[in-house]
Amino acid sequence: MTTQSKGPFLLTAGIIVLIAIVGYNILNAPDRRSDGQKVSDAINELPNGLDKASRQLKDRTPADKLSDAVKDEGDDIKKATNQQ
């Protein structure tokens, strides 16, 4: 009967847990923009549509921004392929 070392498994599991914790903290970081920066970002987004510009005025986490970007790309793909 051979015994396998748990060292590499524990190291790998620890690294995965650390990456998950850091990723969670990054994606849920608070929005630290000032009101002036939010208004400036909204003005810059006006050519892309009023709904995208209004998003810039809200306090949003990076995860919210990523979700909106994925949704926008999905909408763009639907428009490009003429699907309803």
# chains A, B, ... in the order shown; residues from 1 in each chain; ligands from 1
call {"tool": "residues_around", "arguments": {"residues": "segment 56-64 of chain A", "least_positions_apart": "2", "cutoff": "12 Å", "atoms": "only C-alpha atoms", "output": "ChimeraX atom specification"}}
result
/A:23-46,48-54,66-71
call {"tool": "select_by_dssp", "arguments": {"residues": "segment 8-78 of chain A", "states": "alpha helix (DSSP H)", "output": "PyMOL selection string"}}
result
chain A and resi 8-27+35-45+50-55+62-78
call {"tool": "write_last_selection", "arguments": {"atoms": "N, CA and C atoms", "output": "short mmCIF file (atom, residue, chain, number, x, y, z; two decimals), in the first residue's frame"}}
result
data_model
loop_
_atom_site.label_atom_id
_atom_site.label_comp_id
_atom_site.auth_asym_id
_atom_site.auth_seq_id
_atom_site.Cartn_x
_atom_site.Cartn_y
_atom_site.Cartn_z
N PRO A 8 1.10 18.50 -2.35
CA PRO A 8 0.74 19.17 -3.61
C PRO A 8 -0.77 19.44 -3.72
N PHE A 9 -1.59 18.53 -3.22
CA PHE A 9 -3.04 18.74 -3.26
C PHE A 9 -3.44 19.93 -2.40
N LEU A 10 -2.90 20.01 -1.20
CA LEU A 10 -3.24 21.12 -0.30
C LEU A 10 -2.75 22.45 -0.87
N LEU A 11 -1.58 22.44 -1.48
CA LEU A 11 -1.04 23.67 -2.07
C LEU A 11 -1.94 24.13 -3.22
N THR A 12 -2.34 23.20 -4.08
CA THR A 12 -3.22 23.54 -5.19
C THR A 12 -4.57 24.05 -4.69
N ALA A 13 -5.14 23.37 -3.71
CA ALA A 13 -6.42 23.80 -3.15
C ALA A 13 -6.31 25.18 -2.52
N GLY A 14 -5.21 25.44 -1.83
CA GLY A 14 -4.99 26.74 -1.20
C GLY A 14 -4.90 27.85 -2.23
N ILE A 15 -4.20 27.58 -3.33
CA ILE A 15 -4.05 28.58 -4.39
C ILE A 15 -5.41 28.87 -5.04
N ILE A 16 -6.20 27.84 -5.28
CA ILE A 16 -7.53 28.02 -5.88
C ILE A 16 -8.42 28.84 -4.95
N VAL A 17 -8.39 28.56 -3.66
CA VAL A 17 -9.19 29.31 -2.70
C VAL A 17 -8.74 30.77 -2.66
N LEU A 18 -7.44 31.00 -2.68
CA LEU A 18 -6.90 32.37 -2.66
C LEU A 18 -7.34 33.14 -3.90
N ILE A 19 -7.26 32.51 -5.07
CA ILE A 19 -7.68 33.17 -6.31
C ILE A 19 -9.17 33.49 -6.26
N ALA A 20 -9.98 32.57 -5.73
CA ALA A 20 -11.42 32.81 -5.63
C ALA A 20 -11.73 33.98 -4.70
N ILE A 21 -11.03 34.07 -3.58
CA ILE A 21 -11.26 35.17 -2.63
C ILE A 21 -10.86 36.51 -3.24
N VAL A 22 -9.70 36.55 -3.89
CA VAL A 22 -9.24 37.79 -4.50
C VAL A 22 -10.18 38.20 -5.63
N GLY A 23 -10.60 37.24 -6.47
CA GLY A 23 -11.52 37.54 -7.55
C GLY A 23 -12.85 38.08 -7.04
N TYR A 24 -13.38 37.48 -5.99
CA TYR A 24 -14.63 37.95 -5.40
C TYR A 24 -14.50 39.39 -4.91
N ASN A 25 -13.38 39.67 -4.23
CA ASN A 25 -13.18 41.03 -3.70
C ASN A 25 -13.02 42.05 -4.82
N ILE A 26 -12.35 41.68 -5.88
CA ILE A 26 -12.17 42.61 -7.00
C ILE A 26 -13.50 42.88 -7.70
N LEU A 27 -14.28 41.83 -7.95
CA LEU A 27 -15.54 42.01 -8.67
C LEU A 27 -16.61 42.72 -7.85
N ASP A 35 -18.82 62.28 -8.17
CA ASP A 35 -20.01 62.63 -8.95
C ASP A 35 -19.62 63.26 -10.28
N GLY A 36 -18.58 64.07 -10.27
CA GLY A 36 -18.11 64.70 -11.51
C GLY A 36 -17.61 63.67 -12.51
N GLN A 37 -16.92 62.65 -12.04
CA GLN A 37 -16.44 61.60 -12.93
C GLN A 37 -17.60 60.80 -13.49
N LYS A 38 -18.63 60.58 -12.69
CA LYS A 38 -19.80 59.84 -13.17
C LYS A 38 -20.50 60.62 -14.27
N VAL A 39 -20.66 61.94 -14.08
CA VAL A 39 -21.31 62.78 -15.08
C VAL A 39 -20.47 62.80 -16.36
N SER A 40 -19.16 62.91 -16.22
CA SER A 40 -18.28 62.91 -17.38
C SER A 40 -18.37 61.59 -18.14
N ASP A 41 -18.39 60.48 -17.43
CA ASP A 41 -18.53 59.18 -18.08
C ASP A 41 -19.88 59.06 -18.78
N ALA A 42 -20.94 59.61 -18.17
CA ALA A 42 -22.27 59.57 -18.79
C ALA A 42 -22.29 60.38 -20.08
N ILE A 43 -21.65 61.54 -20.06
CA ILE A 43 -21.60 62.38 -21.27
C ILE A 43 -20.85 61.66 -22.37
N ASN A 44 -19.77 60.97 -22.02
CA ASN A 44 -18.99 60.23 -23.02
C ASN A 44 -19.78 59.06 -23.61
N GLU A 45 -20.72 58.51 -22.88
CA GLU A 45 -21.52 57.37 -23.35
C GLU A 45 -22.77 57.78 -24.10
N LEU A 50 -28.96 56.46 -24.60
CA LEU A 50 -29.31 57.07 -23.32
C LEU A 50 -29.27 56.05 -22.18
N ASP A 51 -29.64 54.80 -22.45
CA ASP A 51 -29.62 53.80 -21.40
C ASP A 51 -28.20 53.50 -20.93
N LYS A 52 -27.25 53.46 -21.86
CA LYS A 52 -25.85 53.23 -21.48
C LYS A 52 -25.28 54.43 -20.73
N ALA A 53 -25.71 55.62 -21.11
CA ALA A 53 -25.24 56.82 -20.42
C ALA A 53 -25.80 56.88 -19.01
N SER A 54 -27.06 56.49 -18.85
CA SER A 54 -27.66 56.55 -17.51
C SER A 54 -27.03 55.54 -16.55
N ARG A 55 -26.52 54.44 -17.09
CA ARG A 55 -25.82 53.46 -16.23
C ARG A 55 -24.60 54.07 -15.54
N PRO A 62 -17.56 46.35 -10.38
CA PRO A 62 -17.02 45.80 -11.62
C PRO A 62 -17.82 44.60 -12.14
N ALA A 63 -18.40 43.81 -11.25
CA ALA A 63 -19.23 42.68 -11.69
C ALA A 63 -20.48 43.18 -12.42
N ASP A 64 -21.06 44.28 -11.94
CA ASP A 64 -22.22 44.87 -12.63
C ASP A 64 -21.82 45.36 -14.02
N LYS A 65 -20.67 46.00 -14.11
CA LYS A 65 -20.19 46.51 -15.39
C LYS A 65 -19.91 45.37 -16.35
N LEU A 66 -19.33 44.28 -15.86
CA LEU A 66 -19.05 43.12 -16.69
C LEU A 66 -20.35 42.50 -17.19
N SER A 67 -21.33 42.41 -16.31
CA SER A 67 -22.63 41.86 -16.70
C SER A 67 -23.29 42.71 -17.78
N ASP A 68 -23.22 44.02 -17.64
CA ASP A 68 -23.79 44.92 -18.65
C ASP A 68 -23.06 44.77 -19.98
N ALA A 69 -21.75 44.63 -19.94
CA ALA A 69 -20.97 44.49 -21.17
C ALA A 69 -21.34 43.20 -21.90
N VAL A 70 -21.52 42.12 -21.16
CA VAL A 70 -21.91 40.85 -21.78
C VAL A 70 -23.31 40.97 -22.39
N LYS A 71 -24.22 41.61 -21.67
CA LYS A 71 -25.58 41.79 -22.18
C LYS A 71 -25.57 42.65 -23.44
N ASP A 72 -24.79 43.72 -23.45
CA ASP A 72 -24.71 44.59 -24.62
C ASP A 72 -24.15 43.84 -25.83
N GLU A 73 -23.13 43.02 -25.61
CA GLU A 73 -22.55 42.26 -26.72
C GLU A 73 -23.56 41.25 -27.26
N GLY A 74 -24.32 40.63 -26.37
CA GLY A 74 -25.38 39.71 -26.82
C GLY A 74 -26.42 40.43 -27.66
N ASP A 75 -26.79 41.63 -27.23
CA ASP A 75 -27.75 42.42 -28.01
C ASP A 75 -27.17 42.79 -29.37
N ASP A 76 -25.89 43.15 -29.40
CA ASP A 76 -25.25 43.50 -30.67
C ASP A 76 -25.21 42.30 -31.61
N ILE A 77 -24.95 41.12 -31.08
CA ILE A 77 -24.92 39.91 -31.91
C ILE A 77 -26.31 39.63 -32.47
N LYS A 78 -27.35 39.80 -31.64
CA LYS A 78 -28.70 39.59 -32.13
C LYS A 78 -29.05 40.56 -33.24
#
